[in-house]
Amino acid sequence: MEIVHVYQKKRREFGRQCVFSDRKAKEMVNIEPDEGQRDEFIYKNPADVAIQCTKDFSEHEVNTETVEFKDSGMNHVEGGWPKDIDPDEVEQVMRYRKKVEKDETFQETIMNLGGMMETFIQQNNAIDIYEEYFPHESETAVLEPPAATMVNVFRDPCTPARSASSLSWYPDGARKLAVAYSILEFQKAPADVSMDSYVWDLERPNMPDFTLSPSSPLVSLRYNPKDVHILLGGCYNGQVAIWDTRKGSRPLETSPVEQSHRDPVYAAEFLASKTGTHTCTHTYTRSLRRVKWCDTRKLSESTESLALEVIGSVLGGVALDLSHPCTPLHAQLPRTHTVIGTEEGIVINGNKKAKTPAEKLAQTYGAHHGPVYTVKRNPFFQKYFMTVGDWTSRIWCEDVREDPIGEAEENFWQNVDPEKWSEMRLARDSVANAATTGDAAAAE
Amino acid sequence: MSAEVEETLKRISGHKGVEGIVILNKEGIAIKSTLDQTATTQYAGLISSIAAQASHVVRELDPQDGLTFLRLRSKKHEIMVAPDNDYLLVVIQNPTDA
C-alpha cells in the first residue's frame with residue numbers, strides 16, 4: 001500500500017529559486033533606528049525569570065477501544081442438531097430420528113458394525129484378557145552377593161607380635177572385643193615376651209581399652225554373658241583365671257596350679273546357671289585330658305572333672321561348644337549338653353547330667369583326619385553342629401553318626417574361633433582362614 | 001426401522017454382559033439408544049469426541065490407515081466403539097470373569 005499525499009502549490013508560492021554558485025552580498029532592506037521610540041522603553045528591574053532544571057515532558061492522552069473478557073464454561077448437552085430442529089421439542093427430535101432410521105445407508109452400516117461388534121463381545125465373554133495372571137507374585141528384590149569390608153585392624157602392641165588365640169565380643173552390643181594373645185607354637189615363646197592380653201574398643205584401634213595381666217599367656221578368653229565386667233581366661237600353663245574389668249588388670253582369682261589343667265586351656269565357656277557363675281573349661285593335654293566344670297566363686301577346686309576317655313583311649317580335647325538356648329523363651333535351659341572336638345579328630349557329644357562317665361561322653365563321631373579345631377552348634381536347630389578340621393568344614397546331625405550331612409572343602413591352615421552359625425539365615429555359616437579371610441557358605 | 005436392524009440390535013444386547021447400545025451419527029446426535037436420556041447424551045458427547053480424536057491419531061500416523069475399532073476398558077466395564085463414515089455404534093459391556 002502506498003502512502004501518498006497529493007497536494008497542489010502555485011509556482012509563485014515556491015519561494016526563491018536555489019542558486020548553487022557564489023554571489024556577492026546584495027543589500028535587500030535597510031531599516032534605520034527610530035530615536036523617538038527609545039523614550040517609551042522602561043527598564044524592568046528586577047526581572048523575574050523562572051528556571052527549572054529538569055527534563056521537559058509533554059502530556060498526551062491515548063485511548064484504545066476496550067474489549068471485555070469473561071471466563072465461562074460451555075455445556076454441550078446436545079450437539080450437532082441441524083438448525084431447523086430445536087432439541088427441546090420432543091416431536092421434532094422424534095421425527096428426525098425416524099427419518100434417519102429409514103435411511104438405506106444407516107441400515108447397511110448398522111448391519112456391518114453390528115457384525116463386527118458381535119465378534120468382540122463374544123471374545124470378551126470367552127476370555128477375560130485383563131485378568132490378573134500372576135496374582136501371588138511379589139517383587140523379588142535384587143539380591144547382591146554378600147560382601148564383607150574391613151572395618152578396623154587391631155594390632156598387637158607388643159613387639160614380637162603374638163598370635164590372637166581367642167576372641168570374645170562384649171555381650172552387650174559388641175562395642176568391645178577381648179582378644180587373648182599367646183604364642184601357640186611349641187616352645188617358640190621367647191622368655192621376655194609380654195603375657196598381656198587386651199580388650200579393644202572398636203572405635204580406637206591404636207590403644208587397647210583394657211589390659212589383662214595373667215601369670216601366663218592367655219589361650220582362651222570369654223566374657224561372662226550375664227555380667228559384662230567379668231572375663232574368664234584360660235592360660236597357657238593350664239590355670240584358669242577370672243578378671244573384673246572394674247577392678248584392675250590382675251586377675252581376681254586364679255585356679256591353683258595343683259588343681260588346674262596340665263596343658264593349655266584351649267576352651268573356656270560360661271554355663272548358663274542361676275547365679276551366672278558356673279564355668280566349663282577344658283584342656284588339651286597329652287597325659288591327662290580333662291573337661292572341668294568349675295564355679296567361678298571358688299576356683300580352687302573344680303566341682304567336676306571328667307576325663308575324656310572313649311573306648312579305652314584317652315583323647316585330647318581341643319574345641320568345645322555347649323548347647324545354646326534356641327530361642328529367648330528357652331534361655332533357662334541349663335547348658336548340660338556339650339559337644340567336644342578332640343585332637344584325634346573325633347567329636348564327642350556329652351551330657352553332664354548323666355550318671356556314669358561312659359554315659360557322659362555319649363556319642364562319638366569320627367569327624368576329621370586331624371585335630372578338630374572348632375565345633376559349633378546351630379543356635380536354632382540344636383541337633384546340627386559344624387566342625388572344622390583338616391582343611392574342611394563339615395556339618396553334622398546328632399542322629400547320624402557315620403557321615404557328615406554336608407561338607408565344604410577350603411584351603412585354610414588353621415582356624416581361630418572362626419566358625420559361627422549366622423543368627424539371621426538359619427542355614428548359613430561362615431568360616432575364617434588363618435590368612436584372615438572369611439568365607440561365607442550356605443549349608444545347602 | 002427395518003426388521004434386520006432391529007434384530008441385529010436385539011441380538012447384540014442379548015449377549016452376556018451387554019449393558020447398553022447407543023447409535024450416533026457423525027454429528028453426535030443419538031439416533032437409537034437403550035440407555036436413559038441423560039446417559040445417552042453423555043455418551044453421545046464424550047464418545048463422539050474421543051472416537052474422532054482416535055481416528056485422527058491413526059490417520060496422522062499413517063495416512064493410508066484408518067480406525068476400525070476402539071475399545072475403552074475401565075474398571076467397571078468396557079466401552080466398544082465401531083466407527084463408520086457416517087455413524088458410530090457404541091456398546092457398553094460388562095465382561096464377566098473368564
# chains A, B, ... in the order shown; residues from 1 in each chain; ligands from 1
>>> interface_residues(of="chain B", to="chain A", cutoff="8 Å", atoms="only C-alpha atoms", output="PDB file with N, CA and C atoms, in the first residue's frame")
ATOM      1  N   MET B   1     -38.226 -48.732  11.618  1.00  0.00           N
ATOM      2  CA  MET B   1     -36.859 -49.206  11.454  1.00  0.00           C
ATOM      3  C   MET B   1     -36.898 -50.612  10.865  1.00  0.00           C
ATOM      4  N   SER B   2     -35.977 -50.896  10.029  1.00  0.00           N
ATOM      5  CA  SER B   2     -36.003 -52.179   9.334  1.00  0.00           C
ATOM      6  C   SER B   2     -35.882 -53.340  10.302  1.00  0.00           C
ATOM      7  N   GLU B   4     -34.310 -56.124  10.044  1.00  0.00           N
ATOM      8  CA  GLU B   4     -32.968 -56.729  10.245  1.00  0.00           C
ATOM      9  C   GLU B   4     -32.178 -55.944  11.259  1.00  0.00           C
ATOM     10  N   VAL B   5     -32.288 -54.603  11.109  1.00  0.00           N
ATOM     11  CA  VAL B   5     -31.529 -53.767  12.045  1.00  0.00           C
ATOM     12  C   VAL B   5     -31.994 -54.018  13.471  1.00  0.00           C
ATOM     13  N   THR B   8     -30.648 -57.280  14.642  1.00  0.00           N
ATOM     14  CA  THR B   8     -29.210 -57.223  14.984  1.00  0.00           C
ATOM     15  C   THR B   8     -29.013 -56.615  16.357  1.00  0.00           C
ATOM     16  N   LEU B   9     -29.702 -55.497  16.547  1.00  0.00           N
ATOM     17  CA  LEU B   9     -29.520 -54.819  17.831  1.00  0.00           C
ATOM     18  C   LEU B   9     -30.007 -55.690  18.986  1.00  0.00           C
ATOM     19  N   ILE B  12     -27.401 -58.282  19.689  1.00  0.00           N
ATOM     20  CA  ILE B  12     -26.230 -57.746  20.403  1.00  0.00           C
ATOM     21  C   ILE B  12     -26.551 -57.558  21.874  1.00  0.00           C
ATOM     22  N   HIS B  15     -26.405 -60.581  24.256  1.00  0.00           N
ATOM     23  CA  HIS B  15     -25.159 -61.229  24.681  1.00  0.00           C
ATOM     24  C   HIS B  15     -24.916 -60.981  26.153  1.00  0.00           C
ATOM     25  N   LYS B  16     -24.106 -61.877  26.696  1.00  0.00           N
ATOM     26  CA  LYS B  16     -23.849 -61.797  28.135  1.00  0.00           C
ATOM     27  C   LYS B  16     -23.073 -60.539  28.469  1.00  0.00           C
ATOM     28  N   GLY B  17     -23.536 -59.801  29.413  1.00  0.00           N
ATOM     29  CA  GLY B  17     -22.780 -58.674  29.931  1.00  0.00           C
ATOM     30  C   GLY B  17     -23.059 -57.351  29.263  1.00  0.00           C
ATOM     31  N   GLU B  27     -22.551 -36.306  13.652  1.00  0.00           N
ATOM     32  CA  GLU B  27     -22.632 -35.014  14.322  1.00  0.00           C
ATOM     33  C   GLU B  27     -22.815 -35.146  15.817  1.00  0.00           C
ATOM     34  N   GLY B  28     -22.933 -36.359  16.282  1.00  0.00           N
ATOM     35  CA  GLY B  28     -23.053 -36.546  17.714  1.00  0.00           C
ATOM     36  C   GLY B  28     -24.479 -36.665  18.197  1.00  0.00           C
ATOM     37  N   ILE B  29     -25.405 -36.848  17.305  1.00  0.00           N
ATOM     38  CA  ILE B  29     -26.789 -36.997  17.746  1.00  0.00           C
ATOM     39  C   ILE B  29     -27.060 -38.473  17.959  1.00  0.00           C
ATOM     40  N   ILE B  31     -29.087 -41.525  17.712  1.00  0.00           N
ATOM     41  CA  ILE B  31     -30.212 -41.967  16.913  1.00  0.00           C
ATOM     42  C   ILE B  31     -31.026 -43.013  17.657  1.00  0.00           C
ATOM     43  N   LYS B  32     -30.327 -43.973  18.172  1.00  0.00           N
ATOM     44  CA  LYS B  32     -31.016 -45.051  18.883  1.00  0.00           C
ATOM     45  C   LYS B  32     -30.229 -45.360  20.130  1.00  0.00           C
ATOM     46  N   THR B  41     -27.102 -38.884  26.342  1.00  0.00           N
ATOM     47  CA  THR B  41     -26.485 -37.623  25.924  1.00  0.00           C
ATOM     48  C   THR B  41     -25.028 -37.582  26.329  1.00  0.00           C
ATOM     49  N   GLN B  42     -24.784 -38.065  27.551  1.00  0.00           N
ATOM     50  CA  GLN B  42     -23.388 -38.071  27.999  1.00  0.00           C
ATOM     51  C   GLN B  42     -22.513 -38.888  27.073  1.00  0.00           C
ATOM     52  N   GLY B  45     -21.953 -37.219  23.602  1.00  0.00           N
ATOM     53  CA  GLY B  45     -20.955 -36.160  23.545  1.00  0.00           C
ATOM     54  C   GLY B  45     -19.539 -36.681  23.707  1.00  0.00           C
ATOM     55  N   MET B  80     -17.109 -50.205  23.783  1.00  0.00           N
ATOM     56  CA  MET B  80     -16.594 -50.586  22.460  1.00  0.00           C
ATOM     57  C   MET B  80     -17.230 -49.699  21.412  1.00  0.00           C
ATOM     58  N   ALA B  82     -17.532 -48.854  17.349  1.00  0.00           N
ATOM     59  CA  ALA B  82     -17.283 -49.264  15.971  1.00  0.00           C
ATOM     60  C   ALA B  82     -17.602 -48.062  15.093  1.00  0.00           C
ATOM     61  N   PRO B  83     -16.594 -47.422  14.535  1.00  0.00           N
ATOM     62  CA  PRO B  83     -16.854 -46.212  13.763  1.00  0.00           C
ATOM     63  C   PRO B  83     -17.103 -46.509  12.295  1.00  0.00           C
ATOM     64  N   ASP B  84     -17.785 -45.594  11.694  1.00  0.00           N
ATOM     65  CA  ASP B  84     -18.044 -45.704  10.270  1.00  0.00           C
ATOM     66  C   ASP B  84     -17.991 -44.285   9.737  1.00  0.00           C
ATOM     67  N   TYR B  87     -21.775 -43.006  10.835  1.00  0.00           N
ATOM     68  CA  TYR B  87     -22.378 -43.363  12.105  1.00  0.00           C
ATOM     69  C   TYR B  87     -21.370 -44.009  13.033  1.00  0.00           C
ATOM     70  N   LEU B  89     -21.326 -46.875  16.299  1.00  0.00           N
ATOM     71  CA  LEU B  89     -22.053 -47.842  17.130  1.00  0.00           C
ATOM     72  C   LEU B  89     -21.276 -48.032  18.423  1.00  0.00           C
ATOM     73  N   VAL B  91     -21.156 -49.831  22.197  1.00  0.00           N
ATOM     74  CA  VAL B  91     -21.727 -50.879  23.050  1.00  0.00           C
ATOM     75  C   VAL B  91     -21.006 -50.835  24.385  1.00  0.00           C
ATOM     76  N   GLN B  93     -20.249 -52.971  27.629  1.00  0.00           N
ATOM     77  CA  GLN B  93     -20.332 -54.347  28.090  1.00  0.00           C
ATOM     78  C   GLN B  93     -19.623 -54.492  29.423  1.00  0.00           C
ATOM     79  N   PRO B  95     -17.670 -57.168  31.011  1.00  0.00           N
ATOM     80  CA  PRO B  95     -17.168 -58.519  30.760  1.00  0.00           C
ATOM     81  C   PRO B  95     -17.057 -59.286  32.070  1.00  0.00           C
ATOM     82  N   THR B  96     -17.581 -60.481  32.045  1.00  0.00           N
ATOM     83  CA  THR B  96     -17.524 -61.311  33.243  1.00  0.00           C
ATOM     84  C   THR B  96     -16.172 -61.990  33.302  1.00  0.00           C
ATOM     85  N   ASP B  97     -15.819 -62.442  34.465  1.00  0.00           N
ATOM     86  CA  ASP B  97     -14.529 -63.118  34.593  1.00  0.00           C
ATOM     87  C   ASP B  97     -14.577 -64.444  33.889  1.00  0.00           C
ATOM     88  N   ALA B  98     -13.476 -64.767  33.249  1.00  0.00           N
ATOM     89  CA  ALA B  98     -13.464 -65.988  32.447  1.00  0.00           C
ATOM     90  C   ALA B  98     -13.555 -67.219  33.321  1.00  0.00           C
TER      91      ALA B  98
END
>>> select_by_dssp(residues="stretch 2-96 of chain B", states="strand (DSSP E or B)", output="list in words")
Val18, Glu19, Gly20, Ile21, Val22, Ile23, Leu24, Asn25, Ala30, Ile31, Lys32, Ser33, Leu70, Arg71, Leu72, Arg73, Glu78, Ile79, Met80, Val81, Ala82, Pro83, Tyr87, Leu88, Leu89, Val90, Val91, Ile92 and Gln93 of chain B
>>> atom_distance(atom1="atom CA of A:Ser220", atom2="atom CA of A:Ser165")
6.5 Å
>>> atom_distance(atom1="atom CA of A:Gly233", atom2="atom CA of A:Phe385")
24.5 Å
>>> residues_around(residues="A:Tyr236", least_positions_apart="5", cutoff="6 Å", atoms="only C-alpha atoms", output="ChimeraX atom specification")
/A:216-219,264
>>> atom_distance(atom1="atom CA of A:Asp156", atom2="atom CA of A:Pro225")
25.1 Å
>>> select_by_dssp(residues="stretch 2-97 of chain B", states="helix (DSSP H, G or I)", output="ChimeraX atom specification")
/B:3-14,37-61
>>> residues_around(residues="A:Thr254", least_positions_apart="5", cutoff="7 Å", atoms="only C-alpha atoms", output="compact mmCIF listing (two decimals) with C-alpha atoms, in the first residue's frame")
# COMPACT_ATOMS: atom_id res chain seq x y z
CA GLN A 239 45.39 -72.25 85.02
CA VAL A 240 42.04 -70.61 84.80
CA ALA A 241 41.62 -67.02 85.87
CA ILE A 242 38.79 -64.59 86.42
CA LEU A 299 38.28 -71.65 91.50
